[in-house]
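Next up, structure35.txt (compact mmCIF, C-alpha atoms and all ligand atoms):
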```
# COMPACT_ATOMS: atom_id res chain seq x y z
CA MET A 1 0.00 0.00 0.00
CA ASP A 2 1.57 3.29 -1.11
CA THR A 3 -0.41 5.62 1.12
CA GLN A 4 -0.13 5.19 4.86
CA PRO A 5 -3.63 4.79 6.37
CA PRO A 6 -3.74 7.76 8.78
CA ILE A 7 -4.72 6.41 12.20
CA LYS A 8 -6.29 9.12 14.36
CA ILE A 9 -4.89 7.69 17.57
CA ASP A 10 -5.99 10.52 19.88
CA GLY A 11 -9.56 10.15 18.70
CA LEU A 12 -9.42 6.38 19.15
CA ILE A 13 -8.04 6.68 22.69
CA ASN A 14 -10.83 9.14 23.51
CA GLU A 15 -13.39 6.67 22.21
CA LEU A 16 -11.87 3.87 24.29
CA LYS A 17 -12.03 6.11 27.35
CA ALA A 18 -15.60 7.13 26.61
CA LEU A 19 -16.59 3.48 26.28
CA ALA A 20 -14.88 2.72 29.61
CA GLN A 21 -17.08 5.31 31.31
CA ILE A 22 -20.06 3.09 30.53
CA SER A 23 -19.64 0.68 33.40
CA GLU A 24 -21.60 -1.03 36.15
CA ALA A 25 -18.71 -0.17 38.49
CA GLU A 26 -17.28 3.20 39.39
CA PRO A 27 -14.90 4.21 36.52
CA PRO A 28 -12.03 3.59 35.90
CA VAL A 29 -13.13 0.09 36.90
CA VAL A 30 -14.97 -1.47 33.98
CA THR A 31 -17.69 -4.04 34.54
CA ARG A 32 -20.07 -4.69 31.65
CA VAL A 33 -21.95 -7.93 31.92
CA VAL A 34 -23.87 -8.98 28.84
CA PHE A 35 -27.42 -7.61 28.62
CA SER A 36 -26.86 -5.30 31.59
CA GLU A 37 -27.93 -1.70 31.24
CA ALA A 38 -24.24 -0.76 30.79
CA ASP A 39 -23.80 -3.36 28.05
CA LEU A 40 -26.79 -1.92 26.18
CA ARG A 41 -25.53 1.65 26.52
CA ALA A 42 -22.06 0.59 25.36
CA ARG A 43 -23.59 -1.13 22.33
CA ALA A 44 -25.56 2.01 21.50
CA TYR A 45 -22.37 4.10 21.69
CA VAL A 46 -20.39 1.79 19.41
CA LYS A 47 -23.29 1.49 16.95
CA SER A 48 -23.53 5.27 16.75
CA LEU A 49 -19.82 5.46 15.89
CA CYS A 50 -20.30 2.81 13.21
CA ALA A 51 -23.28 4.66 11.73
CA HIS A 52 -21.26 7.87 11.76
CA ALA A 53 -18.60 6.08 9.70
CA GLY A 54 -21.29 5.20 7.15
CA LEU A 55 -21.39 1.50 8.03
CA ALA A 56 -24.64 -0.44 7.69
CA VAL A 57 -25.39 -1.95 11.09
CA HIS A 58 -27.51 -4.97 11.86
CA GLU A 59 -27.92 -7.31 14.83
CA ASP A 60 -28.80 -10.96 15.07
CA ALA A 61 -31.21 -12.66 17.46
CA ILE A 62 -28.81 -12.54 20.42
CA GLY A 63 -27.26 -9.14 19.71
CA ASN A 64 -24.16 -10.08 17.76
CA THR A 65 -23.63 -6.88 15.79
CA PHE A 66 -22.38 -6.53 12.22
CA ALA A 67 -21.31 -3.18 10.73
CA ARG A 68 -20.57 -3.40 7.05
CA TRP A 69 -18.46 -1.23 4.77
CA PRO A 70 -19.68 -2.37 1.38
CA GLY A 71 -17.14 -3.53 -1.16
CA THR A 72 -17.28 -2.88 -4.89
CA ASP A 73 -18.16 -6.53 -5.53
CA PRO A 74 -21.21 -7.26 -3.37
CA GLY A 75 -21.26 -10.88 -4.55
CA LEU A 76 -18.08 -11.67 -2.61
CA ALA A 77 -18.05 -12.81 1.01
CA PRO A 78 -16.78 -10.07 3.33
CA VAL A 79 -13.60 -9.94 5.35
CA GLY A 80 -14.47 -9.73 9.03
CA THR A 81 -12.75 -8.08 11.96
CA GLY A 82 -13.86 -7.33 15.51
CA SER A 83 -14.02 -8.55 19.08
CA HIS A 84 -16.18 -7.93 22.16
CA ILE A 85 -17.17 -5.04 24.43
CA ASP A 86 -18.50 -6.96 27.42
CA ALA A 87 -16.15 -6.92 30.40
CA ILE A 88 -15.75 -9.17 33.43
CA PRO A 89 -16.29 -7.69 36.89
CA ASN A 90 -13.39 -5.42 37.89
CA ALA A 91 -11.90 -5.25 34.39
CA GLY A 92 -9.95 -2.64 32.46
CA LEU A 93 -10.69 -0.82 29.23
CA TYR A 94 -8.66 -2.58 26.54
CA ASP A 95 -9.67 -6.27 26.53
CA GLY A 96 -11.95 -6.72 23.51
CA CYS A 97 -12.58 -2.98 23.06
CA VAL A 98 -9.25 -2.47 21.25
CA GLY A 99 -10.38 -5.00 18.64
CA VAL A 100 -13.78 -3.35 18.20
CA LEU A 101 -12.89 0.34 18.22
CA GLY A 102 -9.46 -0.39 16.67
CA GLY A 103 -11.23 -2.34 13.92
CA LEU A 104 -13.54 0.60 13.34
CA GLU A 105 -10.58 3.01 13.23
CA ALA A 106 -8.82 0.73 10.72
CA ILE A 107 -11.89 1.00 8.48
CA ARG A 108 -12.07 4.77 8.91
CA ALA A 109 -8.35 5.12 8.13
CA LEU A 110 -8.86 3.19 4.89
CA GLN A 111 -11.87 5.36 4.07
CA ARG A 112 -9.72 8.48 4.61
CA ILE A 113 -7.24 7.47 1.91
CA GLY A 114 -10.06 6.71 -0.50
CA PHE A 115 -9.41 2.97 -0.48
CA GLU A 116 -12.17 1.01 -2.20
CA PRO A 117 -12.40 -2.56 -0.92
CA ARG A 118 -13.44 -5.18 -3.45
CA ARG A 119 -14.81 -7.39 -0.68
CA SER A 120 -16.95 -5.75 1.97
CA ILE A 121 -15.23 -5.27 5.30
CA GLU A 122 -17.46 -6.12 8.24
CA LEU A 123 -16.87 -5.17 11.85
CA VAL A 124 -18.29 -7.74 14.26
CA ILE A 125 -19.12 -7.06 17.91
CA PHE A 126 -19.69 -10.41 19.56
CA THR A 127 -22.25 -10.93 22.31
CA ALA A 128 -20.87 -12.18 25.66
CA GLU A 129 -17.30 -13.21 25.00
CA GLU A 130 -16.91 -13.23 28.76
CA PRO A 131 -18.46 -16.06 30.75
CA THR A 132 -19.66 -13.88 33.64
CA ARG A 133 -23.41 -14.18 33.24
CA PHE A 134 -23.90 -17.70 31.94
CA GLY A 135 -20.64 -19.37 33.02
CA LEU A 136 -19.80 -20.04 29.39
CA GLY A 137 -17.45 -17.86 27.34
CA CYS A 138 -17.95 -16.76 23.73
CA LEU A 139 -21.72 -17.22 23.67
CA GLY A 140 -22.18 -15.22 20.46
CA SER A 141 -19.36 -16.74 18.45
CA ARG A 142 -20.12 -20.23 19.80
CA MET A 143 -23.61 -19.94 18.35
CA MET A 144 -22.31 -18.41 15.13
CA GLY A 145 -19.96 -21.37 14.77
CA SER A 146 -22.74 -23.87 15.66
CA VAL A 147 -20.67 -25.13 18.59
CA LEU A 148 -23.57 -24.29 20.91
CA THR A 149 -27.00 -25.35 19.66
CA PRO A 150 -30.12 -23.24 20.26
CA GLN A 151 -31.38 -25.96 22.63
CA GLN A 152 -28.19 -25.80 24.68
CA ALA A 153 -28.31 -22.01 24.66
CA LEU A 154 -31.89 -22.03 25.94
CA ALA A 155 -30.84 -24.18 28.89
CA LEU A 156 -28.26 -21.62 30.11
CA ARG A 157 -29.13 -19.82 33.33
CA ASP A 158 -27.56 -16.90 35.14
CA LYS A 159 -27.12 -16.72 38.93
CA GLU A 160 -30.68 -15.45 39.35
CA GLY A 161 -32.02 -18.32 37.26
CA ARG A 162 -32.82 -16.17 34.24
CA GLY A 163 -32.46 -17.71 30.82
CA LEU A 164 -31.16 -16.42 27.52
CA ASP A 165 -34.64 -16.00 26.03
CA GLU A 166 -35.87 -13.79 28.86
CA LEU A 167 -32.70 -11.69 28.95
CA ARG A 168 -32.33 -11.17 25.21
CA ALA A 169 -36.00 -10.18 24.91
CA GLN A 170 -35.55 -7.67 27.72
CA ALA A 171 -32.50 -6.32 25.88
CA GLY A 172 -34.55 -5.92 22.70
CA PHE A 173 -33.24 -8.86 20.68
CA ALA A 174 -35.69 -11.17 18.95
CA GLY A 175 -35.82 -13.79 16.24
CA ALA A 176 -35.11 -17.49 15.91
CA LEU A 177 -31.97 -18.64 17.70
CA GLU A 178 -31.37 -20.96 14.75
CA SER A 179 -30.64 -17.89 12.62
CA VAL A 180 -27.52 -17.01 14.66
CA ALA A 181 -25.46 -19.85 13.15
CA LEU A 182 -23.39 -18.60 10.23
CA PRO A 183 -23.27 -20.67 7.07
CA ALA A 184 -19.78 -21.64 5.93
CA GLY A 185 -18.66 -18.99 3.46
CA ARG A 186 -20.54 -16.15 5.19
CA PHE A 187 -17.11 -14.65 5.93
CA HIS A 188 -14.17 -14.99 3.57
CA GLN A 189 -11.65 -14.51 6.39
CA PHE A 190 -11.71 -13.12 9.93
CA ILE A 191 -9.00 -11.25 11.86
CA GLU A 192 -9.15 -10.13 15.49
CA LEU A 193 -6.98 -7.42 17.04
CA HIS A 194 -6.47 -7.86 20.80
CA ILE A 195 -4.11 -7.07 23.66
CA GLU A 196 -1.75 -9.95 24.38
CA GLN A 197 -2.92 -10.47 27.99
CA GLY A 198 0.57 -11.82 28.65
CA PRO A 199 4.00 -10.21 29.10
CA LEU A 200 6.07 -11.39 26.13
CA LEU A 201 5.71 -8.58 23.59
CA GLU A 202 6.44 -5.87 26.13
CA GLN A 203 9.36 -7.80 27.66
CA GLU A 204 10.91 -8.40 24.27
CA GLY A 205 10.19 -4.89 22.98
CA ILE A 206 8.27 -6.25 19.97
CA ASP A 207 5.40 -4.28 18.40
CA LEU A 208 3.10 -7.11 17.38
CA GLY A 209 2.24 -10.75 17.95
CA LEU A 210 0.98 -12.78 15.02
CA VAL A 211 -1.10 -15.51 16.62
CA THR A 212 -0.57 -18.95 15.14
CA SER A 213 -2.87 -20.89 17.47
CA ILE A 214 -5.36 -20.37 20.28
CA ALA A 215 -5.17 -22.55 23.41
CA ALA A 216 -7.87 -25.05 24.36
CA PRO A 217 -10.11 -23.85 27.22
CA ALA A 218 -12.25 -26.07 29.44
CA SER A 219 -14.44 -25.50 32.44
CA LEU A 220 -15.75 -28.00 34.96
CA ARG A 221 -18.43 -26.92 37.43
CA VAL A 222 -18.14 -28.76 40.74
CA VAL A 223 -20.84 -28.85 43.42
CA ILE A 224 -19.99 -30.25 46.84
CA GLU A 225 -22.82 -31.15 49.20
CA GLY A 226 -21.75 -31.64 52.80
CA GLU A 227 -23.53 -31.19 56.07
CA GLY A 228 -24.13 -27.80 57.66
CA GLY A 229 -24.51 -27.01 61.30
CA HIS A 230 -23.48 -24.87 64.24
CA ALA A 231 -19.85 -23.74 64.06
CA GLY A 232 -19.52 -23.96 67.84
CA GLY A 233 -21.69 -26.90 68.72
CA LYS A 234 -20.59 -29.42 66.12
CA LEU A 235 -17.29 -31.04 67.03
CA MET A 236 -14.56 -31.59 64.47
CA PRO A 237 -14.78 -35.38 64.25
CA GLY A 238 -17.53 -36.37 61.87
CA ARG A 239 -17.91 -32.99 60.19
CA LYS A 240 -18.75 -32.95 56.51
CA ASP A 241 -17.63 -29.43 55.71
CA ALA A 242 -18.18 -28.70 52.02
CA LEU A 243 -15.62 -25.88 51.97
CA THR A 244 -12.71 -27.86 53.40
CA ALA A 245 -13.51 -30.52 50.80
CA ALA A 246 -13.45 -27.76 48.15
CA ALA A 247 -10.08 -26.57 49.47
CA GLU A 248 -8.61 -29.99 48.82
CA LEU A 249 -9.98 -29.96 45.28
CA ILE A 250 -8.59 -26.51 44.55
CA LEU A 251 -5.12 -27.61 45.67
CA ALA A 252 -5.39 -30.88 43.74
CA LEU A 253 -6.22 -28.93 40.58
CA GLU A 254 -3.29 -26.58 41.10
CA ALA A 255 -0.95 -29.54 41.64
CA ALA A 256 -2.21 -31.28 38.48
CA ALA A 257 -1.62 -28.18 36.36
CA LYS A 258 1.83 -27.57 37.85
CA SER A 259 2.92 -31.14 37.28
CA SER A 260 1.70 -31.47 33.69
CA GLY A 261 5.27 -31.13 32.44
CA ALA A 262 4.47 -28.05 30.35
CA ILE A 263 4.44 -24.37 31.19
CA ASP A 264 1.43 -24.06 28.88
CA THR A 265 -0.92 -25.82 31.31
CA VAL A 266 -2.87 -23.41 33.51
CA ALA A 267 -5.76 -23.96 35.91
CA THR A 268 -7.78 -21.52 37.99
CA VAL A 269 -10.72 -21.65 40.37
CA GLY A 270 -12.23 -18.19 39.95
CA VAL A 271 -15.59 -18.83 41.56
CA CYS A 272 -16.16 -20.40 44.97
CA GLU A 273 -19.70 -19.91 46.19
CA VAL A 274 -20.29 -20.95 49.78
CA PHE A 275 -23.72 -21.73 51.24
CA PRO A 276 -25.07 -20.48 53.57
CA GLY A 277 -22.11 -18.10 53.82
CA ALA A 278 -22.39 -17.25 57.51
CA VAL A 279 -19.33 -17.02 59.72
CA ASN A 280 -20.79 -19.26 62.43
CA SER A 281 -22.26 -21.90 60.14
CA ILE A 282 -20.47 -24.92 58.69
CA PRO A 283 -20.61 -24.66 54.87
CA SER A 284 -23.11 -27.22 53.63
CA ARG A 285 -22.75 -26.54 49.92
CA VAL A 286 -20.00 -25.13 47.71
CA ARG A 287 -19.99 -24.46 44.00
CA LEU A 288 -16.66 -24.14 42.22
CA GLU A 289 -16.18 -22.92 38.67
CA THR A 290 -12.87 -24.10 37.32
CA ASP A 291 -10.96 -22.91 34.26
CA ILE A 292 -8.36 -25.22 32.72
CA ARG A 293 -6.37 -24.43 29.57
CA ASP A 294 -3.50 -25.68 27.51
CA THR A 295 -2.11 -25.31 24.04
CA ASP A 296 -2.36 -29.12 23.87
CA GLY A 297 -5.90 -30.45 24.13
CA VAL A 298 -4.85 -33.94 25.29
CA ARG A 299 -2.71 -32.54 28.11
CA ARG A 300 -5.58 -30.22 29.09
CA ASP A 301 -7.89 -33.21 29.28
CA SER A 302 -5.49 -35.08 31.54
CA VAL A 303 -5.76 -32.21 34.07
CA LEU A 304 -9.55 -32.39 33.80
CA ASP A 305 -9.31 -36.12 34.52
CA ALA A 306 -7.05 -35.48 37.52
CA LEU A 307 -9.66 -33.07 38.91
CA ARG A 308 -12.43 -35.60 38.39
CA SER A 309 -10.46 -38.29 40.17
CA ALA A 310 -9.70 -35.87 43.06
CA CYS A 311 -13.48 -35.33 43.33
CA HIS A 312 -13.97 -39.08 43.62
CA ASP A 313 -11.21 -39.42 46.22
CA VAL A 314 -12.31 -36.45 48.36
CA ALA A 315 -15.96 -37.52 48.27
CA GLY A 316 -14.98 -40.99 49.55
CA ARG A 317 -12.67 -39.76 52.29
CA ARG A 318 -14.82 -36.91 53.56
CA GLY A 319 -18.28 -38.38 53.11
CA VAL A 320 -19.51 -35.46 50.99
CA ALA A 321 -21.40 -35.75 47.70
CA ILE A 322 -19.63 -34.21 44.72
CA THR A 323 -21.18 -33.72 41.31
CA THR A 324 -19.43 -32.32 38.27
CA GLU A 325 -20.72 -30.77 35.08
CA LEU A 326 -18.51 -30.19 32.07
CA VAL A 327 -19.41 -26.67 30.95
CA ASN A 328 -17.09 -26.69 27.93
CA ALA A 329 -13.98 -28.43 26.65
CA ASP A 330 -13.02 -26.81 23.38
CA PRO A 331 -10.22 -27.92 21.09
CA PRO A 332 -7.37 -25.52 20.26
CA THR A 333 -7.45 -23.70 16.93
CA THR A 334 -4.74 -23.20 14.34
CA CYS A 335 -4.69 -19.83 12.60
CA ASP A 336 -4.78 -19.50 8.85
CA THR A 337 -1.42 -19.26 7.09
CA ALA A 338 -2.71 -16.99 4.31
CA ILE A 339 -3.94 -14.39 6.82
CA LEU A 340 -0.69 -14.76 8.79
CA SER A 341 1.30 -14.07 5.61
CA ALA A 342 -0.84 -11.02 4.86
CA MET A 343 -0.27 -9.73 8.42
CA GLU A 344 3.45 -10.39 8.13
CA GLU A 345 3.68 -8.46 4.87
CA ALA A 346 1.58 -5.65 6.32
CA ALA A 347 3.80 -5.46 9.42
CA MET A 348 6.96 -5.30 7.28
CA GLU A 349 5.44 -2.67 5.02
CA ALA A 350 4.52 -0.58 8.08
CA GLY A 351 8.00 -1.02 9.54
CA ARG A 352 6.78 -2.81 12.68
CA THR A 353 8.53 -5.63 14.49
CA TYR A 354 6.62 -8.83 15.12
CA ARG A 355 6.92 -12.38 16.38
CA LYS A 356 4.69 -15.42 16.07
CA MET A 357 3.04 -16.57 19.26
CA VAL A 358 0.20 -18.62 20.72
CA SER A 359 -2.80 -17.12 22.45
CA ARG A 360 -3.24 -18.53 25.93
CA ALA A 361 -6.46 -16.58 26.39
CA TYR A 362 -9.48 -17.66 24.41
CA HIS A 363 -11.19 -15.37 21.97
CA ASP A 364 -14.19 -15.30 19.65
CA SER A 365 -11.77 -16.24 16.88
CA LEU A 366 -11.62 -19.73 18.40
CA PHE A 367 -15.23 -20.24 17.31
CA MET A 368 -15.17 -18.10 14.17
CA ALA A 369 -12.58 -20.63 13.01
CA ARG A 370 -15.46 -23.11 12.61
CA VAL A 371 -16.89 -21.06 9.75
CA ALA A 372 -13.97 -19.08 8.33
CA PRO A 373 -10.19 -18.95 8.22
CA VAL A 374 -9.06 -16.81 11.18
CA ALA A 375 -5.96 -15.19 12.65
CA MET A 376 -5.26 -12.76 15.46
CA LEU A 377 -3.03 -9.76 15.86
CA PHE A 378 -1.72 -9.01 19.37
CA ILE A 379 -0.37 -5.77 20.78
CA PRO A 380 1.55 -5.54 24.07
CA CYS A 381 -0.11 -4.70 27.36
CA ARG A 382 1.82 -3.34 30.31
CA GLY A 383 3.21 -6.05 32.57
CA GLY A 384 1.04 -8.60 30.80
CA VAL A 385 -1.79 -7.41 33.05
CA SER A 386 -5.36 -8.05 31.94
CA HIS A 387 -8.75 -8.70 33.58
CA ARG A 388 -7.81 -5.97 36.06
CA PRO A 389 -8.63 -2.25 36.19
CA ASP A 390 -4.94 -1.35 35.74
CA GLU A 391 -4.82 -3.07 32.33
CA TYR A 392 -2.97 -0.67 29.98
CA ALA A 393 -1.83 -0.48 26.38
CA ALA A 394 0.16 2.58 25.29
CA PRO A 395 -1.30 4.67 22.44
CA GLU A 396 1.72 3.87 20.23
CA TRP A 397 1.14 0.12 20.72
CA ILE A 398 -2.51 0.53 19.76
CA GLU A 399 -1.54 2.70 16.80
CA SER A 400 0.80 -0.05 15.56
CA GLY A 401 -1.90 -2.69 15.84
CA VAL A 402 -4.51 -0.60 14.06
CA GLN A 403 -2.05 0.40 11.34
CA VAL A 404 -1.16 -3.22 10.58
CA LEU A 405 -4.79 -4.31 10.90
CA ALA A 406 -5.81 -1.66 8.34
CA ARG A 407 -3.10 -2.75 5.92
CA THR A 408 -4.02 -6.42 6.39
CA LEU A 409 -7.71 -5.73 5.83
CA ALA A 410 -6.82 -3.80 2.68
CA ARG A 411 -4.83 -6.81 1.38
CA LEU A 412 -7.52 -9.32 2.24
CA ALA A 413 -10.35 -7.22 0.80
CA SER A 414 -8.59 -6.35 -2.48
C1 LIG B 501 -11.14 -14.42 27.83
O1 LIG B 501 -11.52 -13.42 28.42
C2 LIG B 501 -10.42 -15.44 28.51
O2 LIG B 501 -10.75 -15.71 29.69
O3 LIG B 501 -9.47 -15.98 27.92
MN MN B 502 -11.46 -11.07 28.74
MN MN B 503 -11.00 -10.45 25.17
```

Show me this structure written as structure tokens.
Amino acid sequence: MDTQPPIKIDGLINELKALAQISEAEPPVVTRVVFSEADLRARAYVKSLCAHAGLAVHEDAIGNTFARWPGTDPGLAPVGTGSHIDAIPNAGLYDGCVGVLGGLEAIRALQRIGFEPRRSIELVIFTAEEPTRFGLGCLGSRMMGSVLTPQQALALRDKEGRGLDELRAQAGFAGALESVALPAGRFHQFIELHIEQGPLLEQEGIDLGLVTSIAAPASLRVVIEGEGGHAGGKLMPGRKDALTAAAELILALEAAAKSSGAIDTVATVGVCEVFPGAVNSIPSRVRLETDIRDTDGVRRDSVLDALRSACHDVAGRRGVAITTELVNADPPTTCDTAILSAMEEAAMEAGRTYRKMVSRAYHDSLFMARVAPVAMLFIPCRGGVSHRPDEYAAPEWIESGVQVLARTLARLAS
């Protein structure tokens, strides 16, 4: 590309900051759970920016949003880019939002130089990449990729027992859930810009990560039923404390991940719900939500198996009842070599340094890969910090990512 797409980085940073103000928590803390009032306001803000850029916006039955810049050949499948704007509790302002607003800025920069794409370029804002409400990540892209069926989606419940149908209707989304699945060929290719959520790019002083594969995430929900009672009156022998049983399971999971033989195996228990949750009452029930990931699906599964066998062992020894439910166990994804080559050429052309890397976090691209060739472009984030309010990406890092995204989109859409 002869003309440099002019990225208006100050404007983009202002938009990211404005989006971060739309939060369920006190800014600068960002919390935006899907279908919350903040999520709906954030969607409205992003849609207004898309409309202002002349993009044609439409939404599907669960609120996945598509903003299209029409190409000169409308018969060709579009090139997609995008990410998510929902945010976990106590999050920062870059996760997902850089890919959405950065994708929009890439389109606007191409518009500014008078570029005419042959294929349409479509910005996608996925519904509920984060698992906060339903305990399952990537709801929108999972349904687009037909990995989650409408029947399975209808069975999802949030903490208050509300289902997808009730919540999407309340949010103003209607239509058959069957229509969310994308037919193969709906997108020609898909590319997602994202912060690394790890430390490597910053540590190595490299501008960009070209993602070659996305790690395999899994989640096992564990419910432990013990016996409650008075914390003073009930003596230690014979107790069936659900929380001490849970503690053993948490440590067993950590040990299994640490001893897998690979640094790529990670396991976390991010939710531990204790019932009745009173200081002077023995916990009678505990629910754990576990998150287990690896770049190698077989190794990931062996950690899942170790957790299941710890459940069996602890239940036997402590006399508690333990049930498990596999929420998801997704295979890893390999990124498309043609998109990677286009990104590599674009990075060289823009004079940016890059390295190939794996994504340890999951992303909507994992599921878009079911219906289109995908790849991801990472930018550094300070200290590798993410899923925290102090998440930070410097404007020049974002500028690099958007510049190379714009050039890649131009290549793919020509
Ligand atoms: C996405 O937010 C993830 O947990 O990887
Ligand atoms: Mn996230
Ligand atoms: Mn994300």

Q | Proximity to ligand LIG 501 (chain B) - best of A:Pro131, A:Pro332, A:Gly161, A:Pro283, all atoms listed in the file | A |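 The shortest atom-to-atom distance to ligand LIG 501 (chain B) comes from A:Pro131.
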
Q) Out of A:Asp95, A:Glu160, A:Glu391, A:Glu344, which residue has the shortest atom-to-atom distance to ligand MN 502 (chain B) when counting all atoms listed in the file? A)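 Smallest separation from ligand MN 502 (chain B) among the options: A:Asp95.
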
(Q) Distance limit 9 Å, reference ligand MN 503 (chain B), atoms considered: all atoms listed in the file. Which residues make the cut? Give them as an MDAnalysis selection string. (A) chainID A and resid 83:87 94:97 99 129:130 194:195 197 361:364 387

Q. Could you state the separation of atom CA of A:Pro373 and atom CA of A:Ser302 in Å, given to one decimal place?
A. 28.7 Å

Q | Which of A:Asp60, A:Glu122, A:Asp207, A:Glu289 sits closest to A:Tyr354 [using only C-alpha atoms] | A |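 Ranking A:Asp60, A:Glu122, A:Asp207, A:Glu289 by distance to A:Tyr354, first place goes to A:Asp207.
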
Residues within 8 Å of A:Gly228, please, as an mmCIF file with C-alpha atoms, in the frame of the given file. Count all atoms listed in the file; anything in the same chain fewer than 6 positions from it doesn't count.
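Final file, result03.cif:
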```
data_model
loop_
_atom_site.group_PDB
_atom_site.id
_atom_site.type_symbol
_atom_site.label_atom_id
_atom_site.label_comp_id
_atom_site.auth_asym_id
_atom_site.auth_seq_id
_atom_site.Cartn_x
_atom_site.Cartn_y
_atom_site.Cartn_z
ATOM 1 C CA LYS A 240 -18.750 -32.950 56.510
ATOM 2 C CA ASP A 241 -17.630 -29.430 55.710
ATOM 3 C CA SER A 281 -22.260 -21.900 60.140
ATOM 4 C CA ILE A 282 -20.470 -24.920 58.690
ATOM 5 C CA PRO A 283 -20.610 -24.660 54.870
ATOM 6 C CA SER A 284 -23.110 -27.220 53.630
ATOM 7 C CA ARG A 285 -22.750 -26.540 49.920
#
```

Q) If you measure from atom CA of A:Gly137 to atom CA of A:Ser386, what distance in Å do you get, rounded to one decimal? A)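 Straight-line distance from atom CA of A:Gly137 to atom CA of A:Ser386 works out to 16.2 Å.
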
Close residues, A:Val385 itself excluded, 10 Å, all atoms listed in the file, min 2 positions apart in chain, as a PDB file with C-alpha atoms, in the frame of the given file:
```
ATOM      1  CA  GLY A  92      -9.950  -2.640  32.460  1.00  0.00           C
ATOM      2  CA  ILE A 195      -4.110  -7.070  23.660  1.00  0.00           C
ATOM      3  CA  GLU A 196      -1.750  -9.950  24.380  1.00  0.00           C
ATOM      4  CA  GLN A 197      -2.920 -10.470  27.990  1.00  0.00           C
ATOM      5  CA  GLY A 198       0.570 -11.820  28.650  1.00  0.00           C
ATOM      6  CA  PRO A 199       4.000 -10.210  29.100  1.00  0.00           C
ATOM      7  CA  PRO A 380       1.550  -5.540  24.070  1.00  0.00           C
ATOM      8  CA  CYS A 381      -0.110  -4.700  27.360  1.00  0.00           C
ATOM      9  CA  ARG A 382       1.820  -3.340  30.310  1.00  0.00           C
ATOM     10  CA  GLY A 383       3.210  -6.050  32.570  1.00  0.00           C
ATOM     11  CA  HIS A 387      -8.750  -8.700  33.580  1.00  0.00           C
ATOM     12  CA  ARG A 388      -7.810  -5.970  36.060  1.00  0.00           C
ATOM     13  CA  PRO A 389      -8.630  -2.250  36.190  1.00  0.00           C
ATOM     14  CA  ASP A 390      -4.940  -1.350  35.740  1.00  0.00           C
ATOM     15  CA  GLU A 391      -4.820  -3.070  32.330  1.00  0.00           C
ATOM     16  CA  TYR A 392      -2.970  -0.670  29.980  1.00  0.00           C
ATOM     17  CA  ALA A 393      -1.830  -0.480  26.380  1.00  0.00           C
TER      18      ALA A 393
END
```

Q | A:Ala42, A:Val314, A:Met343, A:Leu76 ranked by distance to A:Arg119, top pick (using only C-alpha atoms) | A | A:Leu76

Q. What is the atom CA of A:Met357-atom CA of A:Arg299 distance in Å, reported with one decimal?
A.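 Calculated distance between atom CA of A:Met357 and atom CA of A:Arg299 is 19.1 Å.
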
Q: Show which residues sit within 8 Å of A:Val180, as a PyMOL selection string. Count all atoms listed in the file, and ignore same-chain residues fewer than 4 positions away.
A: chain A and resi 60-62+143-144+176

Q. From the list A:Gly80, A:Pro27, A:Pro6, A:Gly384, which residue is nearest A:Leu123 when using only C-alpha atoms?
A.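 The closest residue to A:Leu123 is A:Gly80.
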
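For the set A:Thr81, A:Gln21, A:Ser141, A:Ser213, the residue with the smallest atom-to-atom gap to A:Lys356 is A:Ser213, counting only C-alpha atoms.
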
Q. Could you name the residues that touch A:Gly270 at 8 Å or less, counting only C-alpha atoms, but leaving out those on the same chain fewer than 3 positions away, as a list in words?
A. Leu288, Glu289, Thr290 and Asp291 of chain A
